[in-house]
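Participant: Below are the structure tokens for one structure; questions will follow.
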4 protein chains.
Amino acid sequence: MAVQRSEVACALTFTVQEPAEFALGIGVGLRLGRTVDDELSVVGHDQAVGVRVILGPDGNRRHLFSAEPGELSISYRAVVADQPGEPQRPTEWDLLTALLPSRYCPADRMTGFAQREFAGYTDPVRRVQAICEYVFEHLQYTPAASGPTTDAADTLLDGRGVCRDYAHLVATLCRAVEVPARVVAVYAPGLSPMDFHAVVETATGGQWQVWDATRLAPRSSLIRVSTGRDAADNAFATILSGRAELDRMEVTAIVLDGDLPADDHRSPVRLL
Amino acid sequence: MAVQRSEVACALTFTVQEPAEFALGIGVGLRLGRTVDDELSVVGHDQAVGVRVILGPDGNRRHLFSAEPGELSISYRAVVADQPGEPQRPTEWDLLTALLPSRYCPADRMTGFAQREFAGYTDPVRRVQAICEYVFEHLQYTPAASGPTTDAADTLLDGRGVCRDYAHLVATLCRAVEVPARVVAVYAPGLSPMDFHAVVETATGGQWQVWDATRLAPRSSLIRVSTGRDAADNAFATILSGRAELDRMEVTAIVLDGDLPADDHRSPVRLL
Amino acid sequence: MAVQRSEVACALTFTVQEPAEFALGIGVGLRLGRTVDDELSVVGHDQAVGVRVILGPDGNRRHLFSAEPGELSISYRAVVADQPGEPQRPTEWDLLTALLPSRYCPADRMTGFAQREFAGYTDPVRRVQAICEYVFEHLQYTPAASGPTTDAADTLLDGRGVCRDYAHLVATLCRAVEVPARVVAVYAPGLSPMDFHAVVETATGGQWQVWDATRLAPRSSLIRVSTGRDAADNAFATILSGRAELDRMEVTAIVLDGDLPADDHRSPVRLL
Amino acid sequence: MAVQRSEVACALTFTVQEPAEFALGIGVGLRLGRTVDDELSVVGHDQAVGVRVILGPDGNRRHLFSAEPGELSISYRAVVADQPGEPQRPTEWDLLTALLPSRYCPADRMTGFAQREFAGYTDPVRRVQAICEYVFEHLQYTPAASGPTTDAADTLLDGRGVCRDYAHLVATLCRAVEVPARVVAVYAPGLSPMDFHAVVETATGGQWQVWDATRLAPRSSLIRVSTGRDAADNAFATILSGRAELDRMEVTAIVLDGDLPADDHRSPVRLL
């Protein structure tokens with residue numbers, strides 16, 4: 001397997017109503033064996049805004065800055081080159097954490113339902129496949145049907161959602177049947193309409209395997225941005241204080257060197 | 001079909017902590033063609049407490065009284081004789097009401113799930129049968145797993161409950177696929193362990209038909225007490241003000257003249 | 001007090017996607033002493049659609065009809081003349097019902113909070129005034145912050161809502177401190193921007209008294225449309241089956257003969 | 001300030017119904033400057049069960065083992081000596097994480113309420129003090145009123161709870177007004193009745209400060225066990241797979257060398 005190269009970008013425009021502190025989660029995640037050549041520019045009142053970056057667990061980065069009232073333009077671009085190689089294996093602590101209920105994945109409330117539907121599959125990978133198939137079959141991809149407080153229980157009942165809701169429901173059902181699962185924000189070449197995307201990783205077969213119940217983009221060319229328990233950990237933009245509204249958002253993600261890979265959305269795939 | 005005779009009784013003991021107003025929903029429901037020979041006694045501090053009765057829609061009765069702090073004993077006994085005959089048909093207003101979401105039956109939140117699972121059954125009776133079978137298969141009858149604020153969404157996710165929860169989930173799924181449904185509190189000869197019981201009536205085939213996804217007692221010998229949207233309308237005891245705690249409860253219900261009927265819990269049955 | 005005359009109207013346009021059954025709750029409520037001169041027209045494909053009307057409790061009417069796919073125009077107009085007079089007093093059954101939790105008014109979940117805040121007011125009218133003031137002070141009137149599944153608990157926590165949410169929160173807090181409360185859909189002369197409106201009636205002082213924590217329109221000129229437990233009972237349009245979307249809605253309500261009355265939104269007012 | 005010495009212990013008895021994997025969170029948390037002399041014994045069928053320990057972030061430990069069906073006895077004892085010294089300061093990543101909503105602390109749903117009540121206090125410490133006072137005043141300490149799925153929104157509405165619920169509500173309200181907050185499981189000398197205890201740490205004044213809205217034990221002698229987002233991260237026992245039930249639990253915690261300190265439950269205190 002050769003080096004895999006991608007190019008991603010996003011442009012966000014906010015109207016800042018009151019002096020605001022931002023945390024952005026749009027920068028490509030860091031890892032050994034990945035070369036990232038990227039650039040972030042934040043402009044308010046025709047002036048560059050100073051940005052500082054912090055690094056968290058799992059290669060997550062956050063870009064932090066303060067913005068004055070007015071229009072704010074954020075523009076990010078990255079070329080990413082991934083050496084194929086051994087991804088990090090889940091630690092025992094990772095496994096424990098990935099079984100816990102979280103804000104949008106209340107696995108503790110759905111144990112009965114999940115056990116009844118999926119505990120019959122004793123092989124963990126087969127179990128996850130059954131969950132992904134169930135979610136793909138039972139949800140209708142529907143923009144604007146869900147909102148920022150929607151959790152996986154709401155989604156199962158309502159039967160509608162977007163990628164974030166699909167990921168939350170898959171992760172919740174997995175945890176409820178004892179499969180460690182986490183949520184990953186990604187750039188997704190081939191996604192249509194193009195947007196930020198969210199998928200699930202399960203700790204199965206001794207490694208993290210990636211699943212996408214929306215089946216909207218091939219998994220092997222996804223580019224990891226942020227890894228966490230659910231969307232709370234992975235927001236592309238958090239207003240820490242003050243007030244600002246997103247006006248416009250544009251996302252790009254392409255595979256350099258070659259065609260988009262195929263995906264049966266069934267066999268296990270690893271995300272770099 | 002001959003006259004159907006039953007005998008029911010219940011004894012409740014409360015500790016009243018602060019002067020309290022009670023509304024009891026334990027008196028057998030009234031209807032044309034039913035003869036009820038019953039007696040209610042409420043005793044506090046060795047004295048009979050004065051009780052007044054009010055009549056609501058659908059033959060519902062409530063017994064109202066005030067109680068002083070101390071131990072309170074309630075004892076009810078009824079012999080019921082039902083002439084077979086034409087039960088009242090649902091009015092158009094009944095149908096509208098029986099489609100609405102209610103406190104413990106949030107059908108509006110479960111439309112997607114219910115439509116996906118049950119809309120394929122176009123015949124309304126077949127649809128309800130499928131729902132009852134689903135609920136029977138997916139829930140585990142588990143005392144104390146649910147509580148007074150548990151609604152049908154909680155129950156579907158948790159997979160456990162008692163008769164009230166089964167009834168709420170069936171009624172909610174029915175309403176979510178456009179089958180009018182209401183909840184009925186009943187005395188249930190044959191129920192084991194004996195207790196107050198709750199079942200569902202659907203407006204199907206131009207009449208009210210009764211269903212019990214717990215399958216714990218034959219439907220044709222149930223004795224209607226109270227009819228409503230859900231458990232909020234059908235509580236056997238409501239403390240309207242003050243404070244009191246239920247200490248002990250005993251319920252009896254038997255069929256006079258003959259054996260307990262059989263029930264396949266599948267074919268439609270009408271409740272008198 | 002002289003006869004009170006008002007004129008109300010509304011125009012609704014739907015796109016019907018699949019053959020649909022409608023129930024409209026836009027017709028002015030009926031009562032003794034009220035003269036209603038009204039007209040409803042439903043037009044699809046340039047043809048009048050046949051409408052039948054049913055009467056429910058509390059003078060509620062529903063207009064029922066079937067619509068074929070395509071655009072659908074609904075237009076309603078009424079001139080209402082109200083003789084002043086004794087309004088109907090709440091029955092004991094009304095009082096019991098108005099204390100129950102309902103779909104959007106989960107009073108059973110909010111007892112602790114409500115008791116802590118409002119039980120100190122022993123006079124029922126004063127208690128309701130304190131609740132209305134609390135809700136007025138704690139909520140921000142915010143279109144589109146809430147949705148069709150939002151209940152009063154969500155609203156208290158989120159601090160934002162529209163008239164329906166204000167009414168639900170007031171009714172819920174009242175019930176949780178033992179004040180019977182129901183929700184009324186009204187036409188509201190003076191409301192700005194003009195829309196359907198929702199208020200609360202409490203059974204206080206032996207009669208139904210009306211309260212509006214939004215304080216957006218004077219209470220004494222409100223025209224009752226529909227009375228119920230909460231918005232589930234009072235929807236202006238329910239799609240019973242099939243699929244249709246509301247495209248446009250226009251509401252008018254004016255007082256004939258004289259100026260809009262003043263309202264301190266504090267003293268008790270009765271709604272005819 | 002001298003070395004602070006404490007002795008803690010707990011004994012747990014489980015009935016294991018199906019072969020089960022356990023993760024225990026009862027071992028005193030590790031940190032620089034703390035000496036822990038402890039011993040854990042797990043006995044099933046009169047045989048010692050092999051236990052392995054893993055270390056997570058913030059000095060959290062988990063003890064992991066497998067248990068066969070039957071009775072299981074767990075016994076833990078520790079003597080802890082804490083050198084006074086500089087506690088670790090929150091990193092920027094800690095601050096971001098401690099602002100996120102979590103399973104039992106849905107701060108995103110309570111922003112309006114929290115802002116309305118507490119945003120007026122501009123000083124962060126004063127803000128937290130006001131929140132702790134509000135929670136102390138508004139909740140009634142009530143065993144068994146809440147359960148394992150109860151979140152902070154439920155608790156605010158219901159007005160009742162135990163230490164875990166108090167901690168969740170404080171942490172949620174803090175996050176909703178932009179004060180980073182996390183939940184800490186502790187041994188609590190002086191707590192009565194003695195039990196595992198839960199408190200909150202806020203990142204205020206550049207450090208972690210500890211708060212206990214139950215006011216049931218002095219903060220300066222608490223012994224940190226586990227630090228996390230909420231109770232999901234801090235469970236004293238998690239059954240990862242299989243089935244087991246807790247039969248009995250006994251907890252001890254005492255201060256060696258001296259009396260229990262006093263606590264005004266108002267001034268900031270740091271937890272080692």
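Quick note on naming: the chains in the structure tokens go A, B, ... in the order shown, residues restart at 1 in each chain, and ligands are numbered from 1 in order of appearance.
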As a compact mmCIF listing (two decimals) with N, CA, C and O atoms, in the first residue's frame, could you give me every residue of chain A near chain C (at most 12 Å apart, counting only C-alpha atoms)?
Facilitator:
# COMPACT_ATOMS: atom_id res chain seq x y z
N ALA A 144 -32.00 18.63 8.89
CA ALA A 144 -32.83 19.54 9.71
C ALA A 144 -33.90 18.84 10.54
O ALA A 144 -34.67 19.49 11.23
N ALA A 145 -33.98 17.52 10.51
CA ALA A 145 -34.95 16.84 11.37
C ALA A 145 -34.45 16.76 12.81
O ALA A 145 -35.23 16.68 13.74
N SER A 146 -33.13 16.79 12.96
CA SER A 146 -32.55 16.72 14.30
C SER A 146 -31.86 18.04 14.62
O SER A 146 -31.71 18.89 13.76
N GLY A 147 -31.45 18.20 15.87
CA GLY A 147 -30.81 19.45 16.27
C GLY A 147 -29.66 19.20 17.20
O GLY A 147 -29.25 18.04 17.40
N PRO A 148 -29.10 20.25 17.79
CA PRO A 148 -27.90 20.09 18.60
C PRO A 148 -28.13 19.31 19.89
O PRO A 148 -27.17 18.82 20.48
N THR A 149 -29.35 19.20 20.39
CA THR A 149 -29.57 18.44 21.63
C THR A 149 -30.09 17.03 21.37
O THR A 149 -30.31 16.27 22.31
N THR A 150 -30.29 16.66 20.11
CA THR A 150 -30.79 15.33 19.77
C THR A 150 -29.80 14.24 20.18
O THR A 150 -28.64 14.29 19.82
N ASP A 154 -33.47 9.68 20.93
CA ASP A 154 -34.38 10.47 20.09
C ASP A 154 -34.33 9.98 18.65
O ASP A 154 -35.36 9.86 17.99
N ASP A 158 -37.33 8.62 16.37
CA ASP A 158 -37.80 9.50 15.32
C ASP A 158 -37.54 8.93 13.93
O ASP A 158 -38.25 9.24 12.97
Participant: What lies within 7 Å of segment 238-246 of chain C using only C-alpha atoms, ignoring chain neighbours under 4 positions off, as a list of chain:residue names?
Facilitator: B:Glu178, C:Thr13, C:Phe14, C:Thr15, C:Val16, C:Gln17, C:Glu18, C:Pro19, C:Ala20, C:Glu21, C:Phe22, C:Ala23, C:Leu24
Participant: What would the file look like if the residues just selected were written as an mmCIF file, in the first residue's frame with all heavy atoms?
Facilitator:
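Saved the output as selection_18.cif:
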data_model
loop_
_atom_site.group_PDB
_atom_site.id
_atom_site.type_symbol
_atom_site.label_atom_id
_atom_site.label_comp_id
_atom_site.auth_asym_id
_atom_site.auth_seq_id
_atom_site.Cartn_x
_atom_site.Cartn_y
_atom_site.Cartn_z
ATOM 1 N N GLU B 178 -51.390 5.560 13.239
ATOM 2 C CA GLU B 178 -52.740 6.009 12.894
ATOM 3 C C GLU B 178 -53.861 5.070 13.316
ATOM 4 O O GLU B 178 -54.952 5.102 12.739
ATOM 5 C CB GLU B 178 -52.826 6.300 11.386
ATOM 6 C CG GLU B 178 -51.940 7.458 10.998
ATOM 7 C CD GLU B 178 -51.379 7.317 9.599
ATOM 8 O OE1 GLU B 178 -51.961 6.605 8.780
ATOM 9 O OE2 GLU B 178 -50.334 7.949 9.342
ATOM 10 N N THR C 13 -52.302 27.611 3.591
ATOM 11 C CA THR C 13 -52.033 26.914 2.333
ATOM 12 C C THR C 13 -51.132 25.718 2.610
ATOM 13 O O THR C 13 -50.110 25.857 3.283
ATOM 14 C CB THR C 13 -51.323 27.850 1.335
ATOM 15 O OG1 THR C 13 -51.989 29.102 1.332
ATOM 16 C CG2 THR C 13 -51.349 27.274 -0.064
ATOM 17 N N PHE C 14 -51.554 24.581 2.137
ATOM 18 C CA PHE C 14 -50.768 23.358 2.291
ATOM 19 C C PHE C 14 -50.366 22.812 0.923
ATOM 20 O O PHE C 14 -51.093 22.986 -0.064
ATOM 21 C CB PHE C 14 -51.597 22.264 2.974
ATOM 22 C CG PHE C 14 -51.772 22.443 4.448
ATOM 23 C CD1 PHE C 14 -52.837 23.190 4.948
ATOM 24 C CD2 PHE C 14 -50.894 21.864 5.354
ATOM 25 C CE1 PHE C 14 -53.005 23.359 6.313
ATOM 26 C CE2 PHE C 14 -51.064 22.029 6.723
ATOM 27 C CZ PHE C 14 -52.117 22.773 7.197
ATOM 28 N N THR C 15 -49.243 22.113 0.883
ATOM 29 C CA THR C 15 -48.955 21.234 -0.241
ATOM 30 C C THR C 15 -49.201 19.808 0.250
ATOM 31 O O THR C 15 -48.552 19.353 1.200
ATOM 32 C CB THR C 15 -47.497 21.377 -0.712
ATOM 33 O OG1 THR C 15 -47.288 22.716 -1.113
ATOM 34 C CG2 THR C 15 -47.222 20.436 -1.882
ATOM 35 N N VAL C 16 -50.151 19.167 -0.393
ATOM 36 C CA VAL C 16 -50.475 17.787 -0.016
ATOM 37 C C VAL C 16 -49.610 16.853 -0.863
ATOM 38 O O VAL C 16 -49.656 16.908 -2.085
ATOM 39 C CB VAL C 16 -51.973 17.499 -0.242
ATOM 40 C CG1 VAL C 16 -52.308 16.061 0.133
ATOM 41 C CG2 VAL C 16 -52.828 18.476 0.561
ATOM 42 N N GLN C 17 -48.795 16.016 -0.186
ATOM 43 C CA GLN C 17 -47.902 15.121 -0.940
ATOM 44 C C GLN C 17 -48.531 13.754 -1.180
ATOM 45 O O GLN C 17 -48.308 13.136 -2.210
ATOM 46 C CB GLN C 17 -46.574 14.945 -0.191
ATOM 47 C CG GLN C 17 -45.640 16.123 -0.353
ATOM 48 C CD GLN C 17 -45.446 16.852 0.956
ATOM 49 O OE1 GLN C 17 -46.042 16.493 1.964
ATOM 50 N NE2 GLN C 17 -44.617 17.877 0.949
ATOM 51 N N GLU C 18 -49.301 13.281 -0.183
ATOM 52 C CA GLU C 18 -50.008 12.011 -0.336
ATOM 53 C C GLU C 18 -51.424 12.214 0.179
ATOM 54 O O GLU C 18 -51.631 12.978 1.113
ATOM 55 C CB GLU C 18 -49.335 10.911 0.506
ATOM 56 C CG GLU C 18 -47.969 10.518 -0.017
ATOM 57 C CD GLU C 18 -47.212 9.642 0.995
ATOM 58 O OE1 GLU C 18 -47.891 9.017 1.836
ATOM 59 O OE2 GLU C 18 -45.979 9.605 0.954
ATOM 60 N N PRO C 19 -52.418 11.542 -0.416
ATOM 61 C CA PRO C 19 -53.814 11.734 -0.005
ATOM 62 C C PRO C 19 -53.893 11.803 1.514
ATOM 63 O O PRO C 19 -53.399 10.899 2.192
ATOM 64 C CB PRO C 19 -54.521 10.496 -0.560
ATOM 65 C CG PRO C 19 -53.703 10.089 -1.736
ATOM 66 C CD PRO C 19 -52.279 10.459 -1.409
ATOM 67 N N ALA C 20 -54.498 12.867 2.028
ATOM 68 C CA ALA C 20 -54.404 13.129 3.461
ATOM 69 C C ALA C 20 -55.767 13.406 4.073
ATOM 70 O O ALA C 20 -56.663 13.943 3.425
ATOM 71 C CB ALA C 20 -53.473 14.312 3.706
ATOM 72 N N GLU C 21 -55.905 12.985 5.350
ATOM 73 C CA GLU C 21 -57.071 13.319 6.160
ATOM 74 C C GLU C 21 -56.681 14.451 7.103
ATOM 75 O O GLU C 21 -55.712 14.330 7.835
ATOM 76 C CB GLU C 21 -57.512 12.112 6.997
ATOM 77 C CG GLU C 21 -57.905 10.887 6.207
ATOM 78 C CD GLU C 21 -59.256 11.070 5.531
ATOM 79 O OE1 GLU C 21 -60.152 11.694 6.129
ATOM 80 O OE2 GLU C 21 -59.398 10.607 4.376
ATOM 81 N N PHE C 22 -57.488 15.508 7.092
ATOM 82 C CA PHE C 22 -57.211 16.662 7.943
ATOM 83 C C PHE C 22 -58.246 16.790 9.054
ATOM 84 O O PHE C 22 -59.421 16.497 8.850
ATOM 85 C CB PHE C 22 -57.294 17.960 7.129
ATOM 86 C CG PHE C 22 -56.078 18.276 6.317
ATOM 87 C CD1 PHE C 22 -55.812 17.593 5.142
ATOM 88 C CD2 PHE C 22 -55.218 19.290 6.711
ATOM 89 C CE1 PHE C 22 -54.694 17.899 4.381
ATOM 90 C CE2 PHE C 22 -54.106 19.610 5.952
ATOM 91 C CZ PHE C 22 -53.838 18.914 4.790
ATOM 92 N N ALA C 23 -57.798 17.294 10.206
ATOM 93 C CA ALA C 23 -58.709 17.789 11.244
ATOM 94 C C ALA C 23 -58.257 19.201 11.576
ATOM 95 O O ALA C 23 -57.118 19.404 11.994
ATOM 96 C CB ALA C 23 -58.651 16.904 12.489
ATOM 97 N N LEU C 24 -59.128 20.167 11.361
ATOM 98 C CA LEU C 24 -58.787 21.559 11.645
ATOM 99 C C LEU C 24 -59.384 21.989 12.975
ATOM 100 O O LEU C 24 -60.535 21.666 13.279
ATOM 101 C CB LEU C 24 -59.331 22.479 10.559
ATOM 102 C CG LEU C 24 -58.800 22.295 9.147
ATOM 103 C CD1 LEU C 24 -59.425 23.350 8.240
ATOM 104 C CD2 LEU C 24 -57.285 22.400 9.113
#
Participant: For the strand (DSSP E) assignment from backbone DSSP, which residues of segment 180-269 of chain C qualify? Please present them as an MDAnalysis selection string.
Facilitator: chainID C and resid 181:187 197:204 207:211 223:228 237:255
Participant: Can you list, as a PyMOL selection string, every residue of segment 13-133 of chain A that DSSP puts in alpha helix (DSSP H)?
Facilitator: chain A and resi 92-97+111-118+124-133
Participant: Suppose we keep C-alpha atoms; can you now write the selection as an mmCIF file, in the first residue's frame?
Facilitator:
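Heads up, here's the output in again.cif:
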data_model
loop_
_atom_site.group_PDB
_atom_site.id
_atom_site.type_symbol
_atom_site.label_atom_id
_atom_site.label_comp_id
_atom_site.auth_asym_id
_atom_site.auth_seq_id
_atom_site.Cartn_x
_atom_site.Cartn_y
_atom_site.Cartn_z
ATOM 1 C CA GLU A 92 -7.393 -1.158 28.144
ATOM 2 C CA TRP A 93 -8.304 2.331 29.371
ATOM 3 C CA ASP A 94 -9.512 3.220 25.853
ATOM 4 C CA LEU A 95 -11.720 0.135 25.934
ATOM 5 C CA LEU A 96 -13.264 1.068 29.283
ATOM 6 C CA THR A 97 -13.926 4.633 28.171
ATOM 7 C CA THR A 111 -29.468 -1.793 26.987
ATOM 8 C CA GLY A 112 -32.688 -3.799 26.834
ATOM 9 C CA PHE A 113 -33.492 -2.831 23.270
ATOM 10 C CA ALA A 114 -29.949 -3.393 22.043
ATOM 11 C CA GLN A 115 -29.488 -6.713 23.798
ATOM 12 C CA ARG A 116 -32.782 -8.004 22.393
ATOM 13 C CA GLU A 117 -31.863 -7.046 18.838
ATOM 14 C CA PHE A 118 -28.138 -7.729 18.680
ATOM 15 C CA PRO A 124 -18.167 -8.792 17.782
ATOM 16 C CA VAL A 125 -17.535 -7.813 14.153
ATOM 17 C CA ARG A 126 -20.716 -9.549 13.049
ATOM 18 C CA ARG A 127 -22.546 -7.767 15.856
ATOM 19 C CA VAL A 128 -21.354 -4.375 14.660
ATOM 20 C CA GLN A 129 -22.249 -5.256 11.079
ATOM 21 C CA ALA A 130 -25.768 -6.118 12.209
ATOM 22 C CA ILE A 131 -26.038 -2.811 14.067
ATOM 23 C CA CYS A 132 -24.829 -0.800 11.067
ATOM 24 C CA GLU A 133 -27.265 -2.600 8.803
#
Participant: Residues within 10 Å of segment 72-81 of chain A, please, as a PyMOL selection string. Count only C-alpha atoms; anything in the same chain fewer than 5 positions from it doesn't count.
Facilitator: chain A and resi 3-16+24+26-30+33-49+67+223+244-256
Participant: Which is closer to Arg89 of chain C than all the others in C:Asp195, C:Asp259, C:Asp58, C:Asp108, using only C-alpha atoms?
Facilitator: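 Smallest separation from Arg89 of chain C among the options: C:Asp58.
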